[in-house]
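Enquirer: Pasting coords_4.cif below, which is mmCIF, N, CA and C atoms.
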data_run
loop_
_atom_site.label_atom_id
_atom_site.label_comp_id
_atom_site.auth_asym_id
_atom_site.auth_seq_id
_atom_site.Cartn_x
_atom_site.Cartn_y
_atom_site.Cartn_z
N SER A 81 90.76 63.29 119.33
CA SER A 81 91.47 62.43 118.39
C SER A 81 92.12 63.30 117.32
N LEU A 82 93.10 62.73 116.65
CA LEU A 82 93.85 63.41 115.59
C LEU A 82 93.84 62.56 114.33
N SER A 83 94.13 63.19 113.20
CA SER A 83 94.22 62.48 111.93
C SER A 83 95.54 62.81 111.26
N VAL A 84 96.02 61.88 110.41
CA VAL A 84 97.28 62.06 109.70
C VAL A 84 97.02 62.01 108.21
N TYR A 85 97.47 63.06 107.51
CA TYR A 85 97.38 63.13 106.06
C TYR A 85 98.74 63.54 105.52
N VAL A 86 99.14 62.94 104.42
CA VAL A 86 100.39 63.33 103.75
C VAL A 86 100.03 63.68 102.32
N SER A 87 100.44 64.86 101.90
CA SER A 87 100.17 65.32 100.54
C SER A 87 101.48 65.48 99.79
N LEU A 88 101.56 64.93 98.61
CA LEU A 88 102.73 65.09 97.76
C LEU A 88 102.30 65.77 96.47
N TRP A 89 102.90 66.89 96.16
CA TRP A 89 102.61 67.65 94.94
C TRP A 89 103.56 67.18 93.85
N LEU A 90 103.03 66.75 92.73
CA LEU A 90 103.81 66.30 91.59
C LEU A 90 103.77 67.39 90.53
N PRO A 91 104.76 68.27 90.51
CA PRO A 91 104.68 69.44 89.63
C PRO A 91 104.67 69.12 88.14
N GLN A 92 105.31 68.05 87.71
CA GLN A 92 105.33 67.73 86.29
C GLN A 92 103.96 67.36 85.76
N SER A 93 103.16 66.68 86.56
CA SER A 93 101.83 66.27 86.11
C SER A 93 100.72 67.16 86.67
N GLY A 94 101.07 68.01 87.64
CA GLY A 94 100.06 68.86 88.26
C GLY A 94 99.15 68.11 89.21
N GLU A 95 99.59 66.94 89.66
CA GLU A 95 98.77 66.11 90.54
C GLU A 95 99.15 66.34 92.00
N ASN A 96 98.16 66.20 92.86
CA ASN A 96 98.33 66.26 94.29
C ASN A 96 97.89 64.90 94.83
N VAL A 97 98.84 64.11 95.31
CA VAL A 97 98.54 62.77 95.81
C VAL A 97 98.45 62.85 97.33
N VAL A 98 97.35 62.34 97.89
CA VAL A 98 97.14 62.42 99.32
C VAL A 98 97.06 61.02 99.91
N TYR A 99 97.85 60.79 100.95
CA TYR A 99 97.81 59.54 101.71
C TYR A 99 97.03 59.81 102.99
N VAL A 100 96.11 58.94 103.32
CA VAL A 100 95.31 59.06 104.54
C VAL A 100 95.63 57.86 105.42
N HIS A 101 96.08 58.13 106.63
CA HIS A 101 96.43 57.06 107.57
C HIS A 101 95.16 56.37 108.04
N GLU A 102 95.21 55.07 108.13
CA GLU A 102 94.10 54.29 108.68
C GLU A 102 94.53 53.71 110.02
N PRO A 103 93.76 53.81 111.04
CA PRO A 103 92.44 54.41 111.11
C PRO A 103 92.55 55.93 111.00
N ARG A 104 91.50 56.55 110.56
CA ARG A 104 91.54 58.00 110.31
C ARG A 104 91.57 58.82 111.58
N GLU A 105 91.05 58.30 112.67
CA GLU A 105 91.08 59.02 113.94
C GLU A 105 91.95 58.26 114.91
N LEU A 106 92.94 58.96 115.46
CA LEU A 106 93.90 58.34 116.37
C LEU A 106 93.91 59.07 117.71
N PRO A 107 94.05 58.33 118.81
CA PRO A 107 94.27 59.00 120.09
C PRO A 107 95.69 59.58 120.09
N ILE A 108 95.96 60.54 120.95
CA ILE A 108 97.24 61.23 120.95
C ILE A 108 98.43 60.27 121.05
N GLU A 109 98.29 59.21 121.83
CA GLU A 109 99.40 58.25 121.98
C GLU A 109 99.70 57.56 120.65
N ALA A 110 98.69 57.17 119.93
CA ALA A 110 98.87 56.50 118.64
C ALA A 110 99.31 57.49 117.57
N TYR A 111 98.90 58.75 117.70
CA TYR A 111 99.29 59.77 116.72
C TYR A 111 100.80 59.95 116.70
N ARG A 112 101.41 60.04 117.85
CA ARG A 112 102.86 60.25 117.91
C ARG A 112 103.60 59.11 117.22
N GLU A 113 103.14 57.89 117.40
CA GLU A 113 103.76 56.73 116.74
C GLU A 113 103.55 56.81 115.22
N ALA A 114 102.34 57.15 114.78
CA ALA A 114 102.05 57.26 113.35
C ALA A 114 102.87 58.38 112.72
N GLU A 115 103.03 59.48 113.43
CA GLU A 115 103.83 60.59 112.92
C GLU A 115 105.29 60.16 112.75
N ALA A 116 105.84 59.48 113.74
CA ALA A 116 107.22 59.03 113.66
C ALA A 116 107.42 58.04 112.51
N GLU A 117 106.48 57.12 112.33
CA GLU A 117 106.57 56.16 111.23
C GLU A 117 106.50 56.87 109.88
N GLY A 118 105.61 57.84 109.77
CA GLY A 118 105.47 58.59 108.52
C GLY A 118 106.71 59.38 108.18
N LEU A 119 107.28 60.06 109.17
CA LEU A 119 108.51 60.81 108.94
C LEU A 119 109.64 59.89 108.52
N GLN A 120 109.75 58.75 109.18
CA GLN A 120 110.80 57.78 108.84
C GLN A 120 110.61 57.27 107.41
N PHE A 121 109.38 56.97 107.02
CA PHE A 121 109.10 56.48 105.67
C PHE A 121 109.47 57.53 104.62
N LEU A 122 109.02 58.77 104.82
CA LEU A 122 109.31 59.82 103.84
C LEU A 122 110.80 60.11 103.74
N GLU A 123 111.50 60.12 104.87
CA GLU A 123 112.94 60.33 104.83
C GLU A 123 113.66 59.17 104.15
N SER A 124 113.14 57.94 104.31
CA SER A 124 113.76 56.79 103.66
C SER A 124 113.60 56.85 102.14
N MET A 125 112.59 57.60 101.68
CA MET A 125 112.38 57.79 100.24
C MET A 125 113.21 58.95 99.70
N GLY A 126 113.93 59.64 100.57
CA GLY A 126 114.81 60.71 100.13
C GLY A 126 114.26 62.11 100.33
N PHE A 127 113.08 62.24 100.93
CA PHE A 127 112.53 63.57 101.18
C PHE A 127 113.23 64.18 102.39
N MET A 128 113.60 65.46 102.27
CA MET A 128 114.19 66.18 103.38
C MET A 128 113.07 66.95 104.07
N LEU A 129 112.85 66.64 105.34
CA LEU A 129 111.73 67.23 106.07
C LEU A 129 112.24 68.15 107.17
N ASP A 130 111.44 69.16 107.47
CA ASP A 130 111.77 70.10 108.52
C ASP A 130 110.49 70.46 109.27
N ASN A 131 110.56 70.55 110.58
CA ASN A 131 109.41 70.92 111.39
C ASN A 131 109.30 72.45 111.40
N LEU A 132 108.20 72.97 110.87
CA LEU A 132 107.99 74.42 110.82
C LEU A 132 107.52 74.99 112.15
N ASN A 133 107.15 74.13 113.10
CA ASN A 133 106.55 74.60 114.35
C ASN A 133 105.40 75.57 114.03
N PHE A 134 104.50 75.08 113.19
CA PHE A 134 103.40 75.87 112.65
C PHE A 134 102.61 76.59 113.72
N ARG A 135 102.34 75.92 114.82
CA ARG A 135 101.53 76.52 115.89
C ARG A 135 102.20 77.74 116.49
N ASN A 136 103.53 77.80 116.45
CA ASN A 136 104.26 78.91 117.04
C ASN A 136 104.43 80.09 116.09
N LEU A 137 104.02 79.94 114.82
CA LEU A 137 104.12 81.03 113.86
C LEU A 137 103.00 82.04 114.09
N SER A 138 103.26 83.28 113.70
CA SER A 138 102.21 84.29 113.78
C SER A 138 101.12 83.94 112.76
N THR A 139 99.96 84.52 112.93
CA THR A 139 98.84 84.27 112.00
C THR A 139 99.25 84.61 110.58
N GLU A 140 99.95 85.71 110.39
CA GLU A 140 100.40 86.13 109.06
C GLU A 140 101.38 85.10 108.47
N GLN A 141 102.32 84.62 109.27
CA GLN A 141 103.28 83.62 108.80
C GLN A 141 102.57 82.31 108.46
N GLN A 142 101.58 81.93 109.26
CA GLN A 142 100.81 80.73 108.97
C GLN A 142 100.10 80.85 107.62
N GLN A 143 99.48 82.00 107.38
CA GLN A 143 98.78 82.22 106.12
C GLN A 143 99.73 82.15 104.94
N ARG A 144 100.88 82.80 105.03
CA ARG A 144 101.87 82.77 103.94
C ARG A 144 102.36 81.35 103.70
N THR A 145 102.55 80.60 104.77
CA THR A 145 103.00 79.20 104.63
C THR A 145 101.95 78.38 103.91
N LEU A 146 100.69 78.49 104.30
CA LEU A 146 99.62 77.74 103.65
C LEU A 146 99.47 78.11 102.18
N GLU A 147 99.73 79.36 101.83
CA GLU A 147 99.64 79.78 100.43
C GLU A 147 100.70 79.14 99.56
N ARG A 148 101.81 78.72 100.15
CA ARG A 148 102.90 78.07 99.40
C ARG A 148 102.67 76.57 99.22
N VAL A 149 101.72 76.01 99.93
CA VAL A 149 101.48 74.56 99.90
C VAL A 149 100.37 74.25 98.89
N PRO A 150 100.69 73.49 97.83
CA PRO A 150 99.68 73.21 96.80
C PRO A 150 98.38 72.60 97.33
N LEU A 151 98.44 71.83 98.40
CA LEU A 151 97.23 71.23 98.95
C LEU A 151 96.23 72.29 99.40
N PHE A 152 96.73 73.42 99.90
CA PHE A 152 95.88 74.45 100.46
C PHE A 152 95.70 75.67 99.55
N SER A 153 96.34 75.66 98.42
CA SER A 153 96.19 76.76 97.47
C SER A 153 95.93 76.18 96.09
N ARG A 154 95.57 77.00 95.18
CA ARG A 154 95.28 76.52 93.83
C ARG A 154 96.57 76.59 93.01
N PRO A 155 97.27 75.48 92.85
CA PRO A 155 98.53 75.49 92.11
C PRO A 155 98.30 75.70 90.62
N ARG A 156 99.28 76.32 89.99
CA ARG A 156 99.23 76.50 88.55
C ARG A 156 99.77 75.24 87.89
N PRO A 157 99.12 74.77 86.80
CA PRO A 157 99.67 73.61 86.09
C PRO A 157 101.06 73.94 85.55
N SER A 158 101.96 72.99 85.64
CA SER A 158 103.30 73.21 85.14
C SER A 158 103.38 72.82 83.67
N ARG A 159 104.32 73.44 83.00
CA ARG A 159 104.58 73.15 81.59
C ARG A 159 103.33 73.19 80.73
N GLY A 160 102.38 74.03 81.10
CA GLY A 160 101.18 74.21 80.30
C GLY A 160 100.22 73.04 80.34
N GLU A 161 100.49 72.03 81.17
CA GLU A 161 99.61 70.86 81.22
C GLU A 161 98.46 71.10 82.18
N VAL A 162 97.29 70.79 81.74
CA VAL A 162 96.11 70.88 82.60
C VAL A 162 95.66 69.47 82.89
N VAL A 163 95.53 69.15 84.17
CA VAL A 163 95.14 67.80 84.59
C VAL A 163 93.68 67.82 84.99
N SER A 164 92.92 66.88 84.48
CA SER A 164 91.50 66.83 84.83
C SER A 164 91.34 66.41 86.29
N ARG A 165 90.23 66.83 86.90
CA ARG A 165 89.95 66.44 88.29
C ARG A 165 89.88 64.93 88.43
N GLU A 166 89.27 64.28 87.44
CA GLU A 166 89.12 62.83 87.52
C GLU A 166 90.50 62.15 87.54
N ARG A 167 91.41 62.62 86.71
CA ARG A 167 92.74 62.01 86.68
C ARG A 167 93.49 62.30 87.97
N ALA A 168 93.40 63.53 88.47
CA ALA A 168 94.12 63.91 89.69
C ALA A 168 93.62 63.13 90.90
N ARG A 169 92.36 62.71 90.91
CA ARG A 169 91.80 61.99 92.05
C ARG A 169 91.78 60.49 91.85
N SER A 170 92.29 60.03 90.75
CA SER A 170 92.19 58.61 90.43
C SER A 170 93.10 57.78 91.33
N PRO A 171 92.75 56.51 91.56
CA PRO A 171 93.60 55.64 92.37
C PRO A 171 94.96 55.40 91.71
N GLU A 172 95.03 55.61 90.42
CA GLU A 172 96.29 55.40 89.71
C GLU A 172 97.31 56.49 90.02
N ALA A 173 96.87 57.62 90.60
CA ALA A 173 97.79 58.71 90.91
C ALA A 173 98.89 58.24 91.86
N LEU A 174 98.53 57.48 92.88
CA LEU A 174 99.52 56.97 93.81
C LEU A 174 100.45 55.99 93.12
N ALA A 175 99.91 55.15 92.26
CA ALA A 175 100.74 54.20 91.53
C ALA A 175 101.76 54.94 90.66
N ARG A 176 101.32 56.02 89.99
CA ARG A 176 102.25 56.80 89.17
C ARG A 176 103.33 57.43 90.03
N LEU A 177 102.94 57.91 91.23
CA LEU A 177 103.92 58.49 92.13
C LEU A 177 104.98 57.47 92.51
N LEU A 178 104.57 56.31 92.96
CA LEU A 178 105.51 55.30 93.40
C LEU A 178 106.36 54.77 92.25
N ALA A 179 105.79 54.70 91.06
CA ALA A 179 106.53 54.22 89.90
C ALA A 179 107.61 55.22 89.47
N SER A 180 107.44 56.49 89.85
CA SER A 180 108.41 57.50 89.43
C SER A 180 109.71 57.43 90.20
N PHE A 181 109.77 56.63 91.26
CA PHE A 181 111.01 56.53 92.06
C PHE A 181 111.93 55.47 91.55
#
As structure tokens, please, write out the structure in this file.

Expert:
Amino acid sequence: SLSVYVSLWLPQSGENVVYVHEPRELPIEAYREAEAEGLQFLESMGFMLDNLNFRNLSTEQQQRTLERVPLFSRPRPSRGEVVSRERARSPEALARLLASF
């Protein structure tokens, strides 16, 4: 089974908002449909997406790529703002994200 997670880094607030697809475990057939729906949704919101073909990258390229992604690295707070863990994990984080559009 596979799982789908979408992470959006909000640099102004230093928040990392994570969407978890339900159900959390999908068979490969359902995964492809969930992936297509997710890509369509994000593109409809104006995000420009590109497939990195992560599996085909060398180990070194994979590591460098993960270091650039705030979800997998420790991002620095922007504009000197430090966000508490409680605020960054709060259910209101998603509401703030959606309200910003």

Enquirer: Around the point (102.6, 62.1, 103.4), in the coordinates given by the file, pick out the residues reaching within 7 Å, counting all atoms listed in the file, and return them as an NGL selection string.

Expert: :A and (85-88 or 98-99 or 118)

Enquirer: Print the selection's residues with N, CA and C atoms to a file, as a PDB file, in the coordinates of the input.

Expert:
ATOM      1  N   TYR A  85      97.470  63.060 107.510  1.00  0.00           N
ATOM      2  CA  TYR A  85      97.380  63.130 106.060  1.00  0.00           C
ATOM      3  C   TYR A  85      98.740  63.540 105.520  1.00  0.00           C
ATOM      4  N   VAL A  86      99.140  62.940 104.420  1.00  0.00           N
ATOM      5  CA  VAL A  86     100.390  63.330 103.750  1.00  0.00           C
ATOM      6  C   VAL A  86     100.030  63.680 102.320  1.00  0.00           C
ATOM      7  N   SER A  87     100.440  64.860 101.900  1.00  0.00           N
ATOM      8  CA  SER A  87     100.170  65.320 100.540  1.00  0.00           C
ATOM      9  C   SER A  87     101.480  65.480  99.790  1.00  0.00           C
ATOM     10  N   LEU A  88     101.560  64.930  98.610  1.00  0.00           N
ATOM     11  CA  LEU A  88     102.730  65.090  97.760  1.00  0.00           C
ATOM     12  C   LEU A  88     102.300  65.770  96.470  1.00  0.00           C
ATOM     13  N   VAL A  98      97.350  62.340  97.890  1.00  0.00           N
ATOM     14  CA  VAL A  98      97.140  62.420  99.320  1.00  0.00           C
ATOM     15  C   VAL A  98      97.060  61.020  99.910  1.00  0.00           C
ATOM     16  N   TYR A  99      97.850  60.790 100.950  1.00  0.00           N
ATOM     17  CA  TYR A  99      97.810  59.540 101.710  1.00  0.00           C
ATOM     18  C   TYR A  99      97.030  59.810 102.990  1.00  0.00           C
ATOM     19  N   GLY A 118     105.610  57.840 109.770  1.00  0.00           N
ATOM     20  CA  GLY A 118     105.470  58.590 108.520  1.00  0.00           C
ATOM     21  C   GLY A 118     106.710  59.380 108.180  1.00  0.00           C
TER      22      GLY A 118
END

Enquirer: How many Å lie between CA of Leu106 in chain A and CA of Ser83 in chain A, rounded to one decimal?

Expert: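 Atom-to-atom, CA of Leu106 in chain A to CA of Ser83 in chain A, that is 6.1 Å.
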
Enquirer: May I ask for the distance between atom C of Pro91 in chain A and CA of Glu117 in chain A, given in Å to one decimal place?

Expert: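 Separation between atom C of Pro91 in chain A and CA of Glu117 in chain A: 26.5 Å.
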
Enquirer: Find, counting only N, CA and C atoms, the residue in A:Asn131, A:Ser93, A:Ser124, A:Ser81 that gets nearest to Ile108 in chain A.

Expert: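 With only N, CA and C atoms as the atom set, the closest residue is A:Ser81.
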
Enquirer: How many Å lie between atom C of Arg104 in chain A and atom N of Leu82 in chain A, rounded to one decimal?

Expert: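 Between atom C of Arg104 in chain A and atom N of Leu82 in chain A the gap works out to 6.6 Å.
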
Enquirer: Would you give me, as a list in words, the residues in range 92-166 of chain A that DSSP reads as alpha helix (DSSP H)?

Expert: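 In range 92-166 of chain A, DSSP puts these residues in alpha helix (DSSP H): Ile108, Glu109, Ala110, Tyr111, Arg112, Glu113, Ala114, Glu115, Ala116, Glu117, Gly118, Leu119, Gln120, Phe121, Leu122, Glu123, Ser124, Thr139, Glu140, Gln141, Gln142, Gln143, Arg144, Thr145, Leu146, Glu147, Arg148, Arg165 and Glu166 of chain A.
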
Enquirer: Please, what is the axis-aligned box for every listed atom of range 89-104 of chain A with 5 Å on each side, as centre and edge lengths in Å to one decimal, as lines of an AutoDock Vina configuration file?

Expert:
center_x = 98.4
center_y = 61.6
center_z = 98.7
size_x = 23.8
size_y = 25.7
size_z = 35.8
